[in-house]
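Undergrad: Just work_0.pdb, nothing more (PDB, C-alpha atoms):
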ATOM      1  CA  MET A   1      29.054 -74.777  50.245
ATOM      2  CA  LYS A   2      26.202 -72.307  50.533
ATOM      3  CA  LEU A   3      26.285 -69.080  48.438
ATOM      4  CA  SER A   4      25.385 -65.828  50.070
ATOM      5  CA  PRO A   5      22.138 -64.254  48.804
ATOM      6  CA  ARG A   6      24.184 -61.451  47.170
ATOM      7  CA  LEU A   7      26.355 -63.857  45.163
ATOM      8  CA  ALA A   8      23.306 -65.816  44.085
ATOM      9  CA  LEU A   9      21.910 -62.646  42.458
ATOM     10  CA  ILE A  10      24.977 -62.085  40.200
ATOM     11  CA  PRO A  11      23.916 -64.525  37.424
ATOM     12  CA  LEU A  12      20.449 -62.969  37.435
ATOM     13  CA  ILE A  13      21.866 -59.424  37.190
ATOM     14  CA  VAL A  14      24.182 -60.471  34.279
ATOM     15  CA  ALA A  15      21.244 -62.093  32.446
ATOM     16  CA  VAL A  16      19.091 -58.977  32.849
ATOM     17  CA  ALA A  17      21.968 -56.767  31.647
ATOM     18  CA  LEU A  18      22.482 -58.916  28.542
ATOM     19  CA  LEU A  19      18.766 -58.844  27.731
ATOM     20  CA  GLY A  20      18.747 -55.060  28.145
ATOM     21  CA  ALA A  21      21.734 -54.646  25.826
ATOM     22  CA  GLY A  22      20.073 -56.870  23.227
ATOM     23  CA  ALA A  23      16.822 -54.887  23.427
ATOM     24  CA  ALA A  24      18.703 -51.581  23.080
ATOM     25  CA  THR A  25      20.517 -52.859  19.979
ATOM     26  CA  LEU A  26      17.242 -54.006  18.436
ATOM     27  CA  LEU A  27      15.554 -50.648  19.131
ATOM     28  CA  THR A  28      18.525 -48.756  17.705
ATOM     29  CA  ARG A  29      18.388 -50.824  14.497
ATOM     30  CA  GLN A  30      14.661 -50.255  14.132
ATOM     31  CA  SER A  31      14.882 -46.488  14.635
ATOM     32  CA  ASN A  32      17.932 -46.174  12.345
ATOM     33  CA  PRO A  33      17.204 -48.365   9.303
ATOM     34  CA  PRO A  34      20.172 -49.180   7.091
ATOM     35  CA  ALA A  35      20.900 -46.681   4.330
ATOM     36  CA  PRO A  36      19.628 -47.699   0.895
ATOM     37  CA  GLN A  37      22.157 -49.544  -1.234
ATOM     38  CA  ALA A  38      23.706 -47.688  -4.152
ATOM     39  CA  SER A  39      22.362 -48.637  -7.571
ATOM     40  CA  LEU A  40      24.404 -50.982  -9.702
ATOM     41  CA  ILE A  41      23.651 -48.779 -12.725
ATOM     42  CA  GLY A  42      25.608 -45.607 -13.432
ATOM     43  CA  GLY A  43      28.856 -44.254 -12.104
ATOM     44  CA  PRO A  44      31.995 -42.391 -13.079
ATOM     45  CA  PHE A  45      32.914 -41.965 -16.737
ATOM     46  CA  THR A  46      35.206 -39.858 -18.901
ATOM     47  CA  MET A  47      34.235 -39.220 -22.531
ATOM     48  CA  THR A  48      34.419 -36.510 -25.210
ATOM     49  CA  ALA A  49      31.356 -34.380 -26.007
ATOM     50  CA  ASP A  50      30.354 -33.714 -29.610
ATOM     51  CA  ASP A  51      31.862 -30.210 -29.356
ATOM     52  CA  GLY A  52      35.286 -31.719 -28.531
ATOM     53  CA  ARG A  53      35.219 -31.004 -24.766
ATOM     54  CA  PRO A  54      36.352 -33.733 -22.379
ATOM     55  CA  VAL A  55      33.476 -34.478 -19.978
ATOM     56  CA  THR A  56      32.872 -36.648 -16.943
ATOM     57  CA  ASP A  57      29.768 -37.772 -15.094
ATOM     58  CA  ARG A  58      30.200 -34.787 -12.760
ATOM     59  CA  ASP A  59      29.551 -32.358 -15.627
ATOM     60  CA  PHE A  60      25.944 -33.529 -15.797
ATOM     61  CA  ARG A  61      25.072 -33.465 -12.108
ATOM     62  CA  GLY A  62      22.759 -30.814 -10.697
ATOM     63  CA  HIS A  63      20.011 -31.649 -13.187
ATOM     64  CA  PRO A  64      18.416 -34.947 -14.156
ATOM     65  CA  PHE A  65      19.717 -36.541 -17.341
ATOM     66  CA  LEU A  66      18.997 -39.468 -19.619
ATOM     67  CA  VAL A  67      21.592 -41.844 -21.060
ATOM     68  CA  TYR A  68      21.118 -43.797 -24.284
ATOM     69  CA  PHE A  69      23.656 -46.093 -25.948
ATOM     70  CA  GLY A  70      23.591 -46.272 -29.748
ATOM     71  CA  TYR A  71      25.524 -45.331 -32.869
ATOM     72  CA  THR A  72      25.156 -43.060 -35.881
ATOM     73  CA  HIS A  73      25.051 -45.861 -38.475
ATOM     74  CA  CYS A  74      22.115 -47.515 -36.699
ATOM     75  CA  PRO A  75      19.470 -48.164 -39.369
ATOM     76  CA  ASP A  76      16.280 -47.660 -37.353
ATOM     77  CA  VAL A  77      16.291 -48.164 -33.553
ATOM     78  CA  CYS A  78      18.528 -45.199 -32.660
ATOM     79  CA  PRO A  79      16.979 -42.584 -34.954
ATOM     80  CA  THR A  80      13.508 -43.633 -33.806
ATOM     81  CA  ALA A  81      14.526 -43.371 -30.134
ATOM     82  CA  LEU A  82      16.129 -39.955 -30.719
ATOM     83  CA  LEU A  83      13.041 -38.691 -32.556
ATOM     84  CA  ASP A  84      10.821 -39.914 -29.710
ATOM     85  CA  ILE A  85      12.938 -38.243 -27.014
ATOM     86  CA  SER A  86      13.145 -35.076 -29.141
ATOM     87  CA  GLN A  87       9.343 -34.875 -29.025
ATOM     88  CA  VAL A  88       9.429 -35.245 -25.232
ATOM     89  CA  LEU A  89      12.054 -32.499 -24.943
ATOM     90  CA  LYS A  90      10.069 -30.230 -27.265
ATOM     91  CA  THR A  91       7.029 -30.728 -24.998
ATOM     92  CA  LEU A  92       9.126 -29.709 -21.966
ATOM     93  CA  GLY A  93      10.188 -26.527 -23.732
ATOM     94  CA  PRO A  94      13.531 -24.982 -24.708
ATOM     95  CA  ASN A  95      14.475 -23.971 -21.144
ATOM     96  CA  ALA A  96      14.150 -27.440 -19.609
ATOM     97  CA  LYS A  97      17.140 -28.205 -17.382
ATOM     98  CA  ILE A  98      17.768 -31.706 -18.686
ATOM     99  CA  ARG A  99      20.260 -33.332 -21.009
ATOM    100  CA  VAL A 100      20.115 -36.544 -22.998
ATOM    101  CA  LEU A 101      23.474 -38.256 -23.439
ATOM    102  CA  PHE A 102      23.709 -40.218 -26.690
ATOM    103  CA  VAL A 103      26.706 -42.478 -26.063
ATOM    104  CA  THR A 104      28.199 -44.174 -29.091
ATOM    105  CA  VAL A 105      28.942 -47.896 -28.934
ATOM    106  CA  ASP A 106      30.892 -47.514 -32.202
ATOM    107  CA  PRO A 107      33.893 -45.332 -31.331
ATOM    108  CA  ALA A 108      35.792 -46.393 -34.464
ATOM    109  CA  ARG A 109      33.347 -44.506 -36.701
ATOM    110  CA  ASP A 110      31.618 -42.052 -34.364
ATOM    111  CA  THR A 111      34.073 -39.234 -33.765
ATOM    112  CA  PRO A 112      32.882 -36.031 -32.057
ATOM    113  CA  LYS A 113      32.551 -34.390 -35.480
ATOM    114  CA  VAL A 114      30.404 -37.245 -36.834
ATOM    115  CA  MET A 115      28.283 -37.210 -33.666
ATOM    116  CA  LYS A 116      27.722 -33.444 -33.914
ATOM    117  CA  ALA A 117      26.595 -33.658 -37.557
ATOM    118  CA  TYR A 118      24.268 -36.578 -36.806
ATOM    119  CA  LEU A 119      22.689 -34.992 -33.727
ATOM    120  CA  ALA A 120      21.975 -31.740 -35.595
ATOM    121  CA  ASN A 121      18.855 -33.595 -36.797
ATOM    122  CA  PHE A 122      17.465 -33.870 -33.259
ATOM    123  CA  ASP A 123      16.709 -31.722 -30.201
ATOM    124  CA  PRO A 124      19.636 -29.540 -29.018
ATOM    125  CA  HIS A 125      19.347 -30.949 -25.473
ATOM    126  CA  ILE A 126      20.900 -34.163 -26.829
ATOM    127  CA  VAL A 127      24.671 -34.334 -26.322
ATOM    128  CA  GLY A 128      26.771 -36.867 -28.204
ATOM    129  CA  LEU A 129      29.489 -38.656 -26.247
ATOM    130  CA  SER A 130      32.311 -40.643 -27.787
ATOM    131  CA  GLY A 131      35.650 -41.878 -26.523
ATOM    132  CA  THR A 132      38.390 -44.399 -26.945
ATOM    133  CA  GLU A 133      37.535 -48.077 -27.061
ATOM    134  CA  ALA A 134      38.568 -48.372 -23.396
ATOM    135  CA  GLN A 135      36.494 -45.346 -22.305
ATOM    136  CA  THR A 136      33.473 -46.627 -24.207
ATOM    137  CA  LYS A 137      33.720 -50.109 -22.681
ATOM    138  CA  ALA A 138      34.159 -48.579 -19.217
ATOM    139  CA  MET A 139      30.981 -46.505 -19.616
ATOM    140  CA  GLU A 140      29.059 -49.497 -20.976
ATOM    141  CA  HIS A 141      30.233 -51.422 -17.908
ATOM    142  CA  VAL A 142      29.079 -48.884 -15.300
ATOM    143  CA  TYR A 143      25.670 -48.616 -16.991
ATOM    144  CA  ARG A 144      25.409 -52.391 -17.462
ATOM    145  CA  ALA A 145      24.861 -51.770 -21.189
ATOM    146  CA  TYR A 146      25.403 -54.402 -23.850
ATOM    147  CA  ALA A 147      27.113 -53.764 -27.192
ATOM    148  CA  LYS A 148      28.602 -56.160 -29.719
ATOM    149  CA  LYS A 149      29.889 -55.766 -33.265
ATOM    150  CA  VAL A 150      28.058 -57.902 -35.837
ATOM    151  CA  PRO A 151      30.025 -58.459 -39.082
ATOM    152  CA  GLY A 152      28.209 -57.780 -42.360
ATOM    153  CA  LYS A 153      29.077 -57.903 -46.053
ATOM    154  CA  ASP A 154      32.279 -56.505 -47.544
ATOM    155  CA  GLY A 155      33.801 -55.600 -44.166
ATOM    156  CA  ASP A 156      30.812 -53.554 -43.043
ATOM    157  CA  TYR A 157      29.206 -54.160 -39.669
ATOM    158  CA  THR A 158      26.336 -53.231 -37.397
ATOM    159  CA  MET A 159      26.177 -53.045 -33.616
ATOM    160  CA  ASP A 160      23.836 -54.974 -31.358
ATOM    161  CA  HIS A 161      23.235 -52.811 -28.299
ATOM    162  CA  THR A 162      21.048 -52.050 -25.309
ATOM    163  CA  ALA A 163      18.256 -49.762 -26.460
ATOM    164  CA  ILE A 164      16.788 -48.062 -23.394
ATOM    165  CA  PHE A 165      16.937 -44.620 -21.843
ATOM    166  CA  TYR A 166      18.440 -44.615 -18.346
ATOM    167  CA  LEU A 167      16.854 -41.890 -16.193
ATOM    168  CA  MET A 168      19.397 -40.469 -13.749
ATOM    169  CA  ASP A 169      18.526 -38.016 -10.976
ATOM    170  CA  LYS A 170      20.259 -34.713 -10.125
ATOM    171  CA  LYS A 171      22.980 -36.567  -8.221
ATOM    172  CA  GLY A 172      23.691 -38.952 -11.075
ATOM    173  CA  ARG A 173      21.868 -41.877  -9.435
ATOM    174  CA  PHE A 174      19.818 -44.307 -11.495
ATOM    175  CA  VAL A 175      16.050 -43.837 -11.135
ATOM    176  CA  SER A 176      14.579 -46.203 -13.739
ATOM    177  CA  ALA A 177      14.391 -47.084 -17.399
ATOM    178  CA  PHE A 178      12.550 -44.209 -19.058
ATOM    179  CA  ARG A 179       9.694 -45.042 -21.412
ATOM    180  CA  THR A 180       9.136 -43.217 -24.695
ATOM    181  CA  ASP A 181       6.486 -45.661 -26.010
ATOM    182  CA  ARG A 182       3.655 -43.377 -24.867
ATOM    183  CA  PRO A 183       2.418 -39.884 -25.693
ATOM    184  CA  ALA A 184       5.138 -37.247 -25.379
ATOM    185  CA  LYS A 185       3.048 -35.331 -22.811
ATOM    186  CA  ALA A 186       3.024 -38.335 -20.460
ATOM    187  CA  SER A 187       6.788 -38.775 -20.744
ATOM    188  CA  ALA A 188       7.351 -35.041 -20.274
ATOM    189  CA  ALA A 189       5.148 -35.033 -17.169
ATOM    190  CA  GLU A 190       7.271 -37.781 -15.623
ATOM    191  CA  LEU A 191      10.513 -35.914 -16.351
ATOM    192  CA  GLN A 192       9.018 -32.736 -14.917
ATOM    193  CA  GLU A 193       8.865 -34.442 -11.512
ATOM    194  CA  TYR A 194      12.674 -34.628 -11.440
ATOM    195  CA  LEU A 195      13.447 -31.098 -12.660
TER     196      LEU A 195
END
Represent the structure from my file as structure tokens, please.
TA:
Amino acid sequence: MKLSPRLALIPLIVAVALLGAGAATLLTRQSNPPAPQASLIGGPFTMTADDGRPVTDRDFRGHPFLVYFGYTHCPDVCPTALLDISQVLKTLGPNAKIRVLFVTVDPARDTPKVMKAYLANFDPHIVGLSGTEAQTKAMEHVYRAYAKKVPGKDGDYTMDHTAIFYLMDKKGRFVSAFRTDRPAKASAAELQEYL
């Protein structure tokens, strides 16, 4: 049986149509690249500020902020980090629109009152955050921070913990780990880019 010339063209027309649809899809994908993936660091939290106010991650949006996990009984790492960041904040000046969140990994000892007294030794842009054990673990989880109690003598203990500053942008999105192992002016200049 012989096909008419019109019927013989149908497979060719279908093939051309399929190729055209494929090309259009490819061009659409190239001109509309996929949106960047959300960072795995940072996210919602609920804690208590050192002045007794309940706070969430939304309270710190609108300005960049830094997050540091530590505790008030820390013998050297935390006070050194807080002194370093205090120098950076001093370089930025008193009107800098940035906060540093010092999040305790030792909620059993670090009440808001203890946090407030401890942080009085550092720059006033540093806000102490504490919470219940569950709130603290939840915040450690969203920031991918590590903390573990290490037993000592006579029932005392220390805390192993992540010791970096997380730089978050104005929308509360993770930018990078923030370095303080350089001159304060260099660190301040980097923060200035996000203000």
Undergrad: Take the PyMOL selection byres ((chain A and resi 127) around 7), apply it to the structure above, and return the hits as a PyMOL selection string.
TA: chain A and resi 49-50+99-102+125-126+128-129
Undergrad: Determine the residue set returned by the PyMOL selection byres ((chain A and resi 96) around 12) for the present structure, and present it as a ChimeraX atom specification.
TA: /A:63-65,88-95,97-100,123-126,188,191-195
Undergrad: To verify the selection step, state as a tab-separated table (two decimals) with C-alpha atoms, in the frame of the given file which residues the PyMOL selection byres ((chain A and resi 103) around 10) yields on this input.
TA:
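Just written: part.tsv:
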chain	number	residue	atom	x	y	z
A	47	MET	CA	34.24	-39.22	-22.53
A	48	THR	CA	34.42	-36.51	-25.21
A	49	ALA	CA	31.36	-34.38	-26.01
A	67	VAL	CA	21.59	-41.84	-21.06
A	68	TYR	CA	21.12	-43.80	-24.28
A	69	PHE	CA	23.66	-46.09	-25.95
A	70	GLY	CA	23.59	-46.27	-29.75
A	71	TYR	CA	25.52	-45.33	-32.87
A	72	THR	CA	25.16	-43.06	-35.88
A	100	VAL	CA	20.11	-36.54	-23.00
A	101	LEU	CA	23.47	-38.26	-23.44
A	102	PHE	CA	23.71	-40.22	-26.69
A	104	THR	CA	28.20	-44.17	-29.09
A	105	VAL	CA	28.94	-47.90	-28.93
A	106	ASP	CA	30.89	-47.51	-32.20
A	107	PRO	CA	33.89	-45.33	-31.33
A	110	ASP	CA	31.62	-42.05	-34.36
A	115	MET	CA	28.28	-37.21	-33.67
A	127	VAL	CA	24.67	-34.33	-26.32
A	128	GLY	CA	26.77	-36.87	-28.20
A	129	LEU	CA	29.49	-38.66	-26.25
A	130	SER	CA	32.31	-40.64	-27.79
A	131	GLY	CA	35.65	-41.88	-26.52
A	136	THR	CA	33.47	-46.63	-24.21
A	139	MET	CA	30.98	-46.50	-19.62
A	140	GLU	CA	29.06	-49.50	-20.98
Undergrad: Near A:Val77, counting all atoms listed in the file, which residues have an atom at most 12 Å away, once you skip same-chain residues fewer than 3 positions from it, shown as a PDB file with C-alpha atoms, in the frame of the given file?
TA:
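Output contents, as saved in result_23.pdb:
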ATOM      1  CA  TYR A  68      21.118 -43.797 -24.284  1.00  0.00           C
ATOM      2  CA  PHE A  69      23.656 -46.093 -25.948  1.00  0.00           C
ATOM      3  CA  GLY A  70      23.591 -46.272 -29.748  1.00  0.00           C
ATOM      4  CA  TYR A  71      25.524 -45.331 -32.869  1.00  0.00           C
ATOM      5  CA  THR A  72      25.156 -43.060 -35.881  1.00  0.00           C
ATOM      6  CA  HIS A  73      25.051 -45.861 -38.475  1.00  0.00           C
ATOM      7  CA  CYS A  74      22.115 -47.515 -36.699  1.00  0.00           C
ATOM      8  CA  THR A  80      13.508 -43.633 -33.806  1.00  0.00           C
ATOM      9  CA  ALA A  81      14.526 -43.371 -30.134  1.00  0.00           C
ATOM     10  CA  LEU A  82      16.129 -39.955 -30.719  1.00  0.00           C
ATOM     11  CA  LEU A  83      13.041 -38.691 -32.556  1.00  0.00           C
ATOM     12  CA  ASP A  84      10.821 -39.914 -29.710  1.00  0.00           C
ATOM     13  CA  THR A 158      26.336 -53.231 -37.397  1.00  0.00           C
ATOM     14  CA  MET A 159      26.177 -53.045 -33.616  1.00  0.00           C
ATOM     15  CA  ASP A 160      23.836 -54.974 -31.358  1.00  0.00           C
ATOM     16  CA  HIS A 161      23.235 -52.811 -28.299  1.00  0.00           C
ATOM     17  CA  THR A 162      21.048 -52.050 -25.309  1.00  0.00           C
ATOM     18  CA  ALA A 163      18.256 -49.762 -26.460  1.00  0.00           C
ATOM     19  CA  ILE A 164      16.788 -48.062 -23.394  1.00  0.00           C
TER      20      ILE A 164
END
Undergrad: Provide the atom CA of A:Thr56 to atom CA of A:Gly172 distance in Å, to one decimal place.
TA: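 It comes out at 11.1 Å.
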Undergrad: Quick check, in Å to one decimal: how far apart do atom CA of A:Lys153 and atom CA of A:Phe122 lie?
TA: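 One can read the atom CA of A:Lys153 to atom CA of A:Phe122 distance as 29.6 Å.
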Undergrad: To one decimal in Å, tell me the separation between atom CA of A:Tyr166 and atom CA of A:Lys113.
TA: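 One can read the atom CA of A:Tyr166 to atom CA of A:Lys113 distance as 24.4 Å.
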Undergrad: Neighbouring residues of A:Asp156 were defined as those with any atom within 12 Å, considering all atoms listed in the file; residues of the same chain fewer than 6 positions away were excluded. Please report them as a list in words.
TA: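 Counting all atoms listed in the file, the residues come to His73, Arg109, Lys149 and Val150 of chain A.
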Undergrad: For A:Ala134, which residue out of A:Pro79, A:Thr46, A:Leu66, A:Lys185 is the nearest one, using all atoms listed in the file?
TA: A:Thr46
Undergrad: If I only have part of stretch 104-138 of chain A, can you fill in N, CA and C atoms and write it as a PDB file, keeping the file's coordinate frame?
TA:
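Generated output (result-v1.pdb):
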ATOM      1  N   THR A 104      27.946 -43.243 -28.004  1.00  0.00           N
ATOM      2  CA  THR A 104      28.199 -44.174 -29.091  1.00  0.00           C
ATOM      3  C   THR A 104      28.798 -45.487 -28.587  1.00  0.00           C
ATOM      4  N   VAL A 105      28.345 -46.580 -29.196  1.00  0.00           N
ATOM      5  CA  VAL A 105      28.942 -47.896 -28.934  1.00  0.00           C
ATOM      6  C   VAL A 105      29.847 -48.272 -30.101  1.00  0.00           C
ATOM      7  N   ASP A 106      30.083 -47.305 -30.995  1.00  0.00           N
ATOM      8  CA  ASP A 106      30.892 -47.514 -32.202  1.00  0.00           C
ATOM      9  C   ASP A 106      31.959 -46.423 -32.299  1.00  0.00           C
ATOM     10  N   PRO A 107      32.908 -46.421 -31.348  1.00  0.00           N
ATOM     11  CA  PRO A 107      33.893 -45.332 -31.331  1.00  0.00           C
ATOM     12  C   PRO A 107      34.805 -45.289 -32.549  1.00  0.00           C
ATOM     13  N   ALA A 108      34.932 -46.387 -33.279  1.00  0.00           N
ATOM     14  CA  ALA A 108      35.792 -46.393 -34.464  1.00  0.00           C
ATOM     15  C   ALA A 108      35.252 -45.466 -35.552  1.00  0.00           C
ATOM     16  N   ARG A 109      33.938 -45.356 -35.660  1.00  0.00           N
ATOM     17  CA  ARG A 109      33.347 -44.506 -36.701  1.00  0.00           C
ATOM     18  C   ARG A 109      32.779 -43.205 -36.158  1.00  0.00           C
ATOM     19  N   ASP A 110      32.325 -43.209 -34.909  1.00  0.00           N
ATOM     20  CA  ASP A 110      31.618 -42.052 -34.364  1.00  0.00           C
ATOM     21  C   ASP A 110      32.552 -41.105 -33.611  1.00  0.00           C
ATOM     22  N   THR A 111      33.231 -40.271 -34.352  1.00  0.00           N
ATOM     23  CA  THR A 111      34.073 -39.234 -33.765  1.00  0.00           C
ATOM     24  C   THR A 111      33.171 -38.096 -33.272  1.00  0.00           C
ATOM     25  N   PRO A 112      33.710 -37.175 -32.471  1.00  0.00           N
ATOM     26  CA  PRO A 112      32.882 -36.031 -32.057  1.00  0.00           C
ATOM     27  C   PRO A 112      32.281 -35.270 -33.242  1.00  0.00           C
ATOM     28  N   LYS A 113      33.044 -35.113 -34.304  1.00  0.00           N
ATOM     29  CA  LYS A 113      32.551 -34.390 -35.480  1.00  0.00           C
ATOM     30  C   LYS A 113      31.375 -35.126 -36.134  1.00  0.00           C
ATOM     31  N   VAL A 114      31.488 -36.439 -36.258  1.00  0.00           N
ATOM     32  CA  VAL A 114      30.404 -37.245 -36.834  1.00  0.00           C
ATOM     33  C   VAL A 114      29.168 -37.176 -35.928  1.00  0.00           C
ATOM     34  N   MET A 115      29.395 -37.274 -34.621  1.00  0.00           N
ATOM     35  CA  MET A 115      28.283 -37.210 -33.666  1.00  0.00           C
ATOM     36  C   MET A 115      27.559 -35.869 -33.766  1.00  0.00           C
ATOM     37  N   LYS A 116      28.321 -34.780 -33.852  1.00  0.00           N
ATOM     38  CA  LYS A 116      27.722 -33.444 -33.914  1.00  0.00           C
ATOM     39  C   LYS A 116      26.854 -33.303 -35.162  1.00  0.00           C
ATOM     40  N   ALA A 117      27.356 -33.748 -36.310  1.00  0.00           N
ATOM     41  CA  ALA A 117      26.595 -33.658 -37.557  1.00  0.00           C
ATOM     42  C   ALA A 117      25.322 -34.501 -37.481  1.00  0.00           C
ATOM     43  N   TYR A 118      25.421 -35.679 -36.923  1.00  0.00           N
ATOM     44  CA  TYR A 118      24.268 -36.578 -36.806  1.00  0.00           C
ATOM     45  C   TYR A 118      23.206 -35.995 -35.872  1.00  0.00           C
ATOM     46  N   LEU A 119      23.633 -35.487 -34.726  1.00  0.00           N
ATOM     47  CA  LEU A 119      22.689 -34.992 -33.727  1.00  0.00           C
ATOM     48  C   LEU A 119      22.072 -33.643 -34.081  1.00  0.00           C
ATOM     49  N   ALA A 120      22.577 -32.988 -35.124  1.00  0.00           N
ATOM     50  CA  ALA A 120      21.975 -31.740 -35.595  1.00  0.00           C
ATOM     51  C   ALA A 120      20.540 -31.980 -36.078  1.00  0.00           C
ATOM     52  N   ASN A 121      20.199 -33.237 -36.339  1.00  0.00           N
ATOM     53  CA  ASN A 121      18.855 -33.595 -36.797  1.00  0.00           C
ATOM     54  C   ASN A 121      17.854 -33.751 -35.654  1.00  0.00           C
ATOM     55  N   PHE A 122      18.312 -33.603 -34.410  1.00  0.00           N
ATOM     56  CA  PHE A 122      17.465 -33.870 -33.259  1.00  0.00           C
ATOM     57  C   PHE A 122      17.478 -32.675 -32.307  1.00  0.00           C
ATOM     58  N   ASP A 123      16.807 -32.808 -31.171  1.00  0.00           N
ATOM     59  CA  ASP A 123      16.709 -31.722 -30.201  1.00  0.00           C
ATOM     60  C   ASP A 123      18.089 -31.313 -29.685  1.00  0.00           C
ATOM     61  N   PRO A 124      18.323 -30.002 -29.488  1.00  0.00           N
ATOM     62  CA  PRO A 124      19.636 -29.540 -29.018  1.00  0.00           C
ATOM     63  C   PRO A 124      19.988 -29.931 -27.586  1.00  0.00           C
ATOM     64  N   HIS A 125      19.030 -30.466 -26.816  1.00  0.00           N
ATOM     65  CA  HIS A 125      19.347 -30.949 -25.473  1.00  0.00           C
ATOM     66  C   HIS A 125      20.097 -32.280 -25.509  1.00  0.00           C
ATOM     67  N   ILE A 126      20.218 -32.871 -26.692  1.00  0.00           N
ATOM     68  CA  ILE A 126      20.900 -34.163 -26.829  1.00  0.00           C
ATOM     69  C   ILE A 126      22.383 -33.907 -27.085  1.00  0.00           C
ATOM     70  N   VAL A 127      23.220 -34.498 -26.240  1.00  0.00           N
ATOM     71  CA  VAL A 127      24.671 -34.334 -26.322  1.00  0.00           C
ATOM     72  C   VAL A 127      25.284 -35.670 -26.730  1.00  0.00           C
ATOM     73  N   GLY A 128      26.096 -35.647 -27.767  1.00  0.00           N
ATOM     74  CA  GLY A 128      26.771 -36.867 -28.204  1.00  0.00           C
ATOM     75  C   GLY A 128      28.045 -37.089 -27.409  1.00  0.00           C
ATOM     76  N   LEU A 129      28.258 -38.303 -26.960  1.00  0.00           N
ATOM     77  CA  LEU A 129      29.489 -38.656 -26.247  1.00  0.00           C
ATOM     78  C   LEU A 129      30.195 -39.785 -26.981  1.00  0.00           C
ATOM     79  N   SER A 130      31.490 -39.589 -27.198  1.00  0.00           N
ATOM     80  CA  SER A 130      32.311 -40.643 -27.787  1.00  0.00           C
ATOM     81  C   SER A 130      33.610 -40.706 -26.997  1.00  0.00           C
ATOM     82  N   GLY A 131      34.393 -41.724 -27.250  1.00  0.00           N
ATOM     83  CA  GLY A 131      35.650 -41.878 -26.523  1.00  0.00           C
ATOM     84  C   GLY A 131      36.501 -42.957 -27.153  1.00  0.00           C
ATOM     85  N   THR A 132      37.556 -43.297 -26.486  1.00  0.00           N
ATOM     86  CA  THR A 132      38.390 -44.399 -26.945  1.00  0.00           C
ATOM     87  C   THR A 132      37.621 -45.699 -26.734  1.00  0.00           C
ATOM     88  N   GLU A 133      38.155 -46.758 -27.273  1.00  0.00           N
ATOM     89  CA  GLU A 133      37.535 -48.077 -27.061  1.00  0.00           C
ATOM     90  C   GLU A 133      37.452 -48.385 -25.567  1.00  0.00           C
ATOM     91  N   ALA A 134      38.534 -48.084 -24.838  1.00  0.00           N
ATOM     92  CA  ALA A 134      38.568 -48.372 -23.396  1.00  0.00           C
ATOM     93  C   ALA A 134      37.555 -47.512 -22.640  1.00  0.00           C
ATOM     94  N   GLN A 135      37.459 -46.227 -22.971  1.00  0.00           N
ATOM     95  CA  GLN A 135      36.494 -45.346 -22.305  1.00  0.00           C
ATOM     96  C   GLN A 135      35.065 -45.795 -22.581  1.00  0.00           C
ATOM     97  N   THR A 136      34.811 -46.183 -23.823  1.00  0.00           N
ATOM     98  CA  THR A 136      33.473 -46.627 -24.207  1.00  0.00           C
ATOM     99  C   THR A 136      33.098 -47.890 -23.446  1.00  0.00           C
ATOM    100  N   LYS A 137      34.004 -48.859 -23.406  1.00  0.00           N
ATOM    101  CA  LYS A 137      33.720 -50.109 -22.681  1.00  0.00           C
ATOM    102  C   LYS A 137      33.520 -49.838 -21.193  1.00  0.00           C
ATOM    103  N   ALA A 138      34.294 -48.913 -20.640  1.00  0.00           N
ATOM    104  CA  ALA A 138      34.159 -48.579 -19.217  1.00  0.00           C
ATOM    105  C   ALA A 138      32.779 -47.977 -18.933  1.00  0.00           C
TER     106      ALA A 138
END
